[in-house]
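**Student:** This is structure08.pdb, which holds PDB, C-alpha atoms:
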ATOM      1  CA  MET A   1       0.000   0.000   0.000
ATOM      2  CA  PHE A   2       2.881   2.413   0.685
ATOM      3  CA  GLU A   3       4.941   1.662  -2.444
ATOM      4  CA  GLU A   4       4.021   4.809  -4.369
ATOM      5  CA  ILE A   5       4.447   7.275  -1.532
ATOM      6  CA  ASN A   6       7.694   5.660  -0.396
ATOM      7  CA  ALA A   7       9.077   5.837  -3.937
ATOM      8  CA  TYR A   8       7.972   9.477  -4.075
ATOM      9  CA  ILE A   9       9.730  10.529  -0.862
ATOM     10  CA  ASN A  10      12.915   8.685  -1.844
ATOM     11  CA  ARG A  11      13.215  10.909  -4.913
ATOM     12  CA  TYR A  12      13.902  13.839  -2.566
ATOM     13  CA  ALA A  13      16.156  12.293   0.072
ATOM     14  CA  SER A  14      17.671   8.984   1.086
ATOM     15  CA  PHE A  15      15.566   7.584   3.918
ATOM     16  CA  ASN A  16      16.534   4.503   5.882
ATOM     17  CA  ALA A  17      14.108   1.697   6.759
ATOM     18  CA  ASP A  18      13.354   3.080  10.245
ATOM     19  CA  GLU A  19      12.595   6.563   8.880
ATOM     20  CA  ILE A  20      10.268   5.142   6.238
ATOM     21  CA  ALA A  21       8.561   2.906   8.800
ATOM     22  CA  TYR A  22       7.973   5.927  11.045
ATOM     23  CA  PHE A  23       6.586   7.942   8.140
ATOM     24  CA  ASN A  24       4.244   5.098   7.154
ATOM     25  CA  SER A  25       3.077   4.765  10.768
ATOM     26  CA  ILE A  26       1.912   8.385  11.077
ATOM     27  CA  ILE A  27       0.286   9.061   7.711
ATOM     28  CA  GLN A  28      -3.433   8.374   7.599
ATOM     29  CA  HIS A  29      -4.803   6.257   4.777
ATOM     30  CA  ASN A  30      -8.286   7.319   3.609
ATOM     31  CA  VAL A  31     -10.588   6.232   0.810
ATOM     32  CA  ILE A  32     -12.836   9.099  -0.303
ATOM     33  CA  ALA A  33     -15.813   8.889  -2.645
ATOM     34  CA  LYS A  34     -16.124  10.866  -5.864
ATOM     35  CA  LYS A  35     -17.711  14.335  -5.503
ATOM     36  CA  THR A  36     -16.640  14.748  -1.870
ATOM     37  CA  PHE A  37     -15.411  18.084  -0.551
ATOM     38  CA  LEU A  38     -12.145  17.711   1.329
ATOM     39  CA  LEU A  39     -12.199  21.447   2.030
ATOM     40  CA  GLN A  40     -14.713  24.242   1.530
ATOM     41  CA  GLU A  41     -14.287  27.993   1.576
ATOM     42  CA  GLY A  42     -14.235  29.309   5.145
ATOM     43  CA  GLU A  43     -12.938  26.062   6.668
ATOM     44  CA  ILE A  44      -9.421  25.658   8.019
ATOM     45  CA  CYS A  45      -7.376  23.132   6.049
ATOM     46  CA  LYS A  46      -6.329  20.270   8.333
ATOM     47  CA  PHE A  47      -4.454  18.137   5.798
ATOM     48  CA  GLU A  48      -1.766  17.767   3.214
ATOM     49  CA  ALA A  49      -2.802  14.808   1.053
ATOM     50  CA  PHE A  50      -0.758  12.565  -1.213
ATOM     51  CA  ILE A  51      -2.927  11.033  -3.908
ATOM     52  CA  ARG A  52      -2.375   7.307  -4.332
ATOM     53  CA  LYS A  53      -5.381   6.958  -6.629
ATOM     54  CA  GLY A  54      -7.859   9.419  -8.104
ATOM     55  CA  CYS A  55      -8.266  12.969  -9.345
ATOM     56  CA  ILE A  56      -8.954  16.106  -7.311
ATOM     57  CA  ARG A  57      -9.803  19.670  -8.303
ATOM     58  CA  THR A  58      -8.963  22.826  -6.359
ATOM     59  CA  TYR A  59     -10.998  25.929  -7.146
ATOM     60  CA  TYR A  60     -12.445  29.162  -5.794
ATOM     61  CA  ILE A  61     -15.592  31.161  -6.515
ATOM     62  CA  ASP A  62     -14.894  34.546  -8.107
ATOM     63  CA  HIS A  63     -16.804  37.806  -7.512
ATOM     64  CA  LYS A  64     -19.265  36.893 -10.288
ATOM     65  CA  GLY A  65     -20.070  33.543  -8.685
ATOM     66  CA  ALA A  66     -18.114  31.492 -11.242
ATOM     67  CA  GLU A  67     -15.885  28.570 -10.279
ATOM     68  CA  VAL A  68     -12.229  29.182 -11.187
ATOM     69  CA  THR A  69     -10.130  26.011 -11.293
ATOM     70  CA  LEU A  70      -6.687  26.485  -9.770
ATOM     71  CA  GLN A  71      -5.319  22.962  -9.972
ATOM     72  CA  PHE A  72      -5.982  19.366 -10.911
ATOM     73  CA  ALA A  73      -4.153  16.812  -8.801
ATOM     74  CA  ILE A  74      -3.735  13.157  -9.742
ATOM     75  CA  GLU A  75      -1.723  10.142  -8.649
ATOM     76  CA  ASN A  76       1.616  10.893  -6.981
ATOM     77  CA  TRP A  77       0.719  14.560  -6.414
ATOM     78  CA  TRP A  78       0.017  16.395  -3.184
ATOM     79  CA  VAL A  79      -2.987  18.619  -2.592
ATOM     80  CA  SER A  80      -3.769  21.103   0.178
ATOM     81  CA  ASP A  81      -4.421  24.760   0.839
ATOM     82  CA  ILE A  82      -0.896  25.611   1.966
ATOM     83  CA  ALA A  83      -1.764  29.025   3.429
ATOM     84  CA  SER A  84      -4.722  27.703   5.414
ATOM     85  CA  PHE A  85      -2.816  24.589   6.525
ATOM     86  CA  HIS A  86       0.299  26.386   7.780
ATOM     87  CA  GLU A  87      -1.334  29.533   9.140
ATOM     88  CA  GLN A  88      -4.509  27.790  10.357
ATOM     89  CA  LYS A  89      -6.675  30.509   8.826
ATOM     90  CA  PRO A  90      -9.927  30.070   6.870
ATOM     91  CA  SER A  91      -9.496  28.889   3.304
ATOM     92  CA  ARG A  92     -10.661  30.779   0.244
ATOM     93  CA  MET A  93     -10.861  27.609  -1.820
ATOM     94  CA  PHE A  94     -12.659  24.342  -2.336
ATOM     95  CA  ILE A  95     -10.920  20.991  -2.751
ATOM     96  CA  GLU A  96     -13.187  18.348  -4.295
ATOM     97  CA  THR A  97     -12.642  14.773  -5.445
ATOM     98  CA  LEU A  98     -13.566  14.248  -9.101
ATOM     99  CA  GLU A  99     -13.039  10.476  -8.879
ATOM    100  CA  ASP A 100     -13.027   7.955  -6.057
ATOM    101  CA  CYS A 101      -9.738   8.652  -4.306
ATOM    102  CA  GLU A 102      -7.249   6.886  -2.107
ATOM    103  CA  LEU A 103      -5.200   9.369  -0.086
ATOM    104  CA  PHE A 104      -2.433   9.515   2.498
ATOM    105  CA  LEU A 105      -2.928  12.463   4.858
ATOM    106  CA  LEU A 106      -0.718  14.460   7.164
ATOM    107  CA  THR A 107      -2.293  16.775   9.727
ATOM    108  CA  PRO A 108      -0.471  19.832  11.084
ATOM    109  CA  GLU A 109       0.309  17.798  14.217
ATOM    110  CA  THR A 110       1.566  14.683  12.437
ATOM    111  CA  LYS A 111       3.612  16.755   9.994
ATOM    112  CA  GLU A 112       5.283  18.604  12.865
ATOM    113  CA  LYS A 113       6.084  15.305  14.604
ATOM    114  CA  LEU A 114       7.502  13.960  11.347
ATOM    115  CA  LEU A 115       9.745  16.996  10.831
ATOM    116  CA  VAL A 116      11.061  16.754  14.410
ATOM    117  CA  GLN A 117      11.582  12.985  14.319
ATOM    118  CA  VAL A 118      13.033  12.799  10.772
ATOM    119  CA  PRO A 119      14.601  16.147   9.808
ATOM    120  CA  LYS A 120      15.282  14.925   6.254
ATOM    121  CA  PHE A 121      11.598  15.558   5.569
ATOM    122  CA  GLU A 122      12.268  19.305   5.908
ATOM    123  CA  ARG A 123      14.396  19.015   2.758
ATOM    124  CA  MET A 124      11.742  16.988   0.963
ATOM    125  CA  PHE A 125       8.961  19.482   1.700
ATOM    126  CA  ARG A 126      11.236  22.445   0.852
ATOM    127  CA  LEU A 127      12.052  20.934  -2.532
ATOM    128  CA  MET A 128       8.360  20.227  -3.155
ATOM    129  CA  VAL A 129       7.471  23.844  -2.373
ATOM    130  CA  GLN A 130      10.248  25.106  -4.657
ATOM    131  CA  ARG A 131       9.011  22.912  -7.496
ATOM    132  CA  ASN A 132       5.454  24.096  -6.938
ATOM    133  CA  LEU A 133       6.513  27.767  -6.914
ATOM    134  CA  THR A 134       8.433  27.235 -10.145
ATOM    135  CA  ARG A 135       5.340  25.732 -11.771
ATOM    136  CA  MET A 136       3.162  28.588 -10.508
ATOM    137  CA  GLN A 137       5.602  31.128 -11.947
ATOM    138  CA  GLU A 138       5.574  29.323 -15.301
ATOM    139  CA  ARG A 139       1.775  29.309 -15.254
ATOM    140  CA  LEU A 140       1.715  33.045 -14.544
ATOM    141  CA  PHE A 141       4.003  33.756 -17.494
ATOM    142  CA  GLN A 142       1.924  31.463 -19.681
ATOM    143  CA  THR A 143      -1.295  33.203 -18.660
ATOM    144  CA  ILE A 144       0.103  36.621 -19.503
ATOM    145  CA  ALA A 145       2.242  35.950 -22.546
ATOM    146  CA  THR A 146       0.707  33.170 -24.650
ATOM    147  CA  THR A 147      -2.208  32.738 -26.999
ATOM    148  CA  ALA A 148      -5.247  30.624 -26.217
ATOM    149  CA  VAL A 149      -4.051  27.871 -28.547
ATOM    150  CA  GLU A 150      -0.601  27.873 -26.900
ATOM    151  CA  LYS A 151      -2.194  27.681 -23.439
ATOM    152  CA  TYR A 152      -4.304  24.698 -24.428
ATOM    153  CA  LEU A 153      -1.410  22.899 -26.156
ATOM    154  CA  ASP A 154       0.817  23.475 -23.127
ATOM    155  CA  PHE A 155      -1.894  22.069 -20.854
ATOM    156  CA  ILE A 156      -2.261  18.945 -23.033
ATOM    157  CA  GLU A 157       1.512  18.460 -23.131
ATOM    158  CA  ARG A 158       1.994  18.882 -19.374
ATOM    159  CA  TYR A 159      -1.075  16.916 -18.313
ATOM    160  CA  PRO A 160      -1.840  14.410 -21.082
ATOM    161  CA  THR A 161      -4.141  12.189 -18.989
ATOM    162  CA  ILE A 162      -6.288  14.884 -17.406
ATOM    163  CA  PRO A 163      -8.526  15.672 -20.426
ATOM    164  CA  GLN A 164      -9.815  12.083 -20.357
ATOM    165  CA  ARG A 165     -10.568  12.324 -16.638
ATOM    166  CA  VAL A 166     -12.230  15.694 -16.105
ATOM    167  CA  ALA A 167     -15.076  17.634 -17.691
ATOM    168  CA  GLN A 168     -14.101  20.087 -20.424
ATOM    169  CA  HIS A 169     -15.698  23.011 -18.571
ATOM    170  CA  TYR A 170     -13.218  22.411 -15.700
ATOM    171  CA  ILE A 171     -10.324  22.579 -18.167
ATOM    172  CA  ALA A 172     -11.783  25.763 -19.664
ATOM    173  CA  SER A 173     -11.989  27.239 -16.162
ATOM    174  CA  TYR A 174      -8.365  26.276 -15.459
ATOM    175  CA  LEU A 175      -7.227  27.969 -18.671
ATOM    176  CA  GLY A 176      -9.331  31.078 -18.053
ATOM    177  CA  PHE A 177     -11.686  30.343 -20.977
ATOM    178  CA  SER A 178     -15.408  29.915 -21.306
ATOM    179  CA  PRO A 179     -16.405  26.372 -22.288
ATOM    180  CA  GLU A 180     -17.581  27.718 -25.660
ATOM    181  CA  PHE A 181     -14.206  29.365 -26.307
ATOM    182  CA  LEU A 182     -12.357  26.153 -25.416
ATOM    183  CA  SER A 183     -14.570  24.330 -27.913
ATOM    184  CA  LYS A 184     -13.548  26.846 -30.607
ATOM    185  CA  VAL A 185      -9.854  26.381 -29.740
ATOM    186  CA  ARG A 186     -10.198  22.605 -29.970
ATOM    187  CA  THR A 187     -12.073  22.885 -33.302
ATOM    188  CA  LYS A 188      -9.359  25.169 -34.686
ATOM    189  CA  LEU A 189      -6.661  22.664 -33.678
ATOM    190  CA  ALA A 190      -8.594  19.743 -35.147
ATOM    191  CA  LYS A 191      -8.664  21.486 -38.550
ATOM    192  CA  LYS A 192      -4.860  21.812 -38.633
TER     193      LYS A 192
END
Could you quickly redo this structure as structure tokens?
**Tutor:**
Amino acid sequence: MFEEINAYINRYASFNADEIAYFNSIIQHNVIAKKTFLLQEGEICKFEAFIRKGCIRTYYIDHKGAEVTLQFAIENWWVSDIASFHEQKPSRMFIETLEDCELFLLTPETKEKLLVQVPKFERMFRLMVQRNLTRMQERLFQTIATTAVEKYLDFIERYPTIPQRVAQHYIASYLGFSPEFLSKVRTKLAKK
């Protein structure tokens, strides 16, 4: 059951058998049904979740009442509201399962214990945050400086399995398009 998450953590640092056993003993394993909210706006995020199986969407509601997709998370990815989790303040986002999911969860308390007991995890989480910030910066540049077709092609290249797993209107929301505009982009590409 722990093969995927153990392989994941070993990409960031070299953990010995005792450190891995401790990690496996404190993470919570949960199976969550499709269309379940893990977090809703106004709640305080109490988890960082590693996805063993499934697909999750993170979004917020804008001032017009529209859902704006921030992230899709699939197998071997982590999902959380970092600001709410670390600062224990109310979230501005929703985190919802789009498929039946199998997750490993850390709470603020178990994560703190882990970091004290096995300091190598500080490095792992720092490297994860750096990678995430790099991706967010790339997404910002892409949002500002590329055409709609380029945005869609970049999305397909980076996340080739997601279009088969999520509704097109969620992808449109992620890209900042209306569903109708995404349909036009896809039609234009199909004619090439």
**Student:** Name all residues at most 12 Å from segment 8-14 of chain A (count only C-alpha atoms; drop same-chain ones fewer than 3 positions away) and give them as a PyMOL selection string.
**Tutor:** chain A and resi 2-5+17-20+23-24+50-52+75-78+118-129+131
**Student:** To one decimal place, how far is atom CA of Val116 of chain A from atom CA of Asp81 of chain A in Å?
**Tutor:** 22.1 Å
**Student:** Going by the chain IDs and residue numbers used in this file, which residues fall under the PyMOL selection byres ((chain A and resi 48) around 9)? Write them as a PyMOL selection string.
**Tutor:** chain A and resi 45-47+49-50+78-82+85+104-108+111
**Student:** In Å, how far is it from atom CA of Gly176 of chain A to atom CA of Tyr159 of chain A?
**Tutor:**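 We find that atom CA of Gly176 of chain A and atom CA of Tyr159 of chain A lie 16.4 Å from each other.
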**Student:** Name all residues at most 10 Å from Ala21 of chain A (count all atoms listed in the file; drop same-chain ones fewer than 5 positions away) and give them as a compact mmCIF listing (two decimals) with C-alpha atoms, keeping the file's coordinate frame.
**Tutor:**
# COMPACT_ATOMS: atom_id res chain seq x y z
CA PHE A 2 2.88 2.41 0.68
CA ASN A 6 7.69 5.66 -0.40
CA PHE A 15 15.57 7.58 3.92
CA ASN A 16 16.53 4.50 5.88
CA ILE A 26 1.91 8.38 11.08
**Student:** Could the centre and edge lengths of an axis-aligned box, enclosing all atoms of segment 116-133 of chain A in the file with 6 Å extra on each side, be given in Å to one decimal as JSON?
**Tutor:**
{"center_x": 10.4, "center_y": 20.3, "center_z": 3.5, "size_x": 21.8, "size_y": 27.0, "size_z": 33.9}
**Student:** Using all atoms listed in the file, which residues of segment 38-106 of chain A come within 12 Å of segment 138-156 of chain A, and what is the closest atom pair for each, with the distance in Å to one decimal? Give it as a Markdown table, sorted by chain and residue number.
**Tutor:**
| residue | atom | partner | partner_atom | distance |
| --- | --- | --- | --- | --- |
| A:Leu70 | CA | A:Arg139 | CA | 10.5 |
| A:Gln71 | CA | A:Arg139 | CA | 10.9 |
| A:Phe72 | CA | A:Phe155 | CA | 11.1 |
**Student:** Taking 4 positions as the minimum chain separation for residues in the same chain, which residues sit within 12 Å of Lys34 of chain A when counting all atoms listed in the file? Answer as a list of chain:residue names.
**Tutor:**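 The filter keeps A:Leu38, A:Lys53, A:Gly54, A:Cys55, A:Ile56, A:Arg57, A:Ile95, A:Glu96, A:Thr97, A:Leu98, A:Glu99, A:Asp100, A:Cys101, A:Glu102, A:Val166.
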**Student:** What does the distance from atom CA of Lys113 of chain A to atom CA of Ile27 of chain A come to in Å, to one decimal?
**Tutor:**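 Result for atom CA of Lys113 of chain A versus atom CA of Ile27 of chain A: 11.0 Å, one decimal.
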**Student:** Would you mind telling me which residue in A:Ala66, A:Ala73, A:Glu41, A:Asn30 lies nearest to Thr161 of chain A when using only C-alpha atoms?
**Tutor:**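 Once distances to Thr161 of chain A are computed over only C-alpha atoms, the minimum belongs to A:Ala73.
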**Student:** Of the candidates A:Leu114, A:Ile44, A:Ala172, A:Leu182, which one gets nearest to Glu87 of chain A if we count all atoms listed in the file?
**Tutor:** A:Ile44
**Student:** From the set A:Ile74, A:Ala167, A:Leu115, A:Leu189, which residue has the shortest atom-to-atom contact distance to Tyr22 of chain A, counting all atoms listed in the file?
**Tutor:**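 Residue with the minimum atom-to-atom distance to Tyr22 of chain A: A:Leu115.
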**Student:** To verify the selection step, state as a list of chain:residue names which residues the PyMOL selection byres ((chain A and resi 61) around 12) yields on this input.
**Tutor:**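 Applied to this file, the PyMOL selection byres ((chain A and resi 61) around 12) returns A:Gln40, A:Glu41, A:Gly42, A:Thr58, A:Tyr59, A:Tyr60, A:Asp62, A:His63, A:Lys64, A:Gly65, A:Ala66, A:Glu67, A:Val68, A:Thr69, A:Leu70, A:Ser91, A:Arg92, A:Met93, A:Phe94, A:Ile95, A:Ser173.
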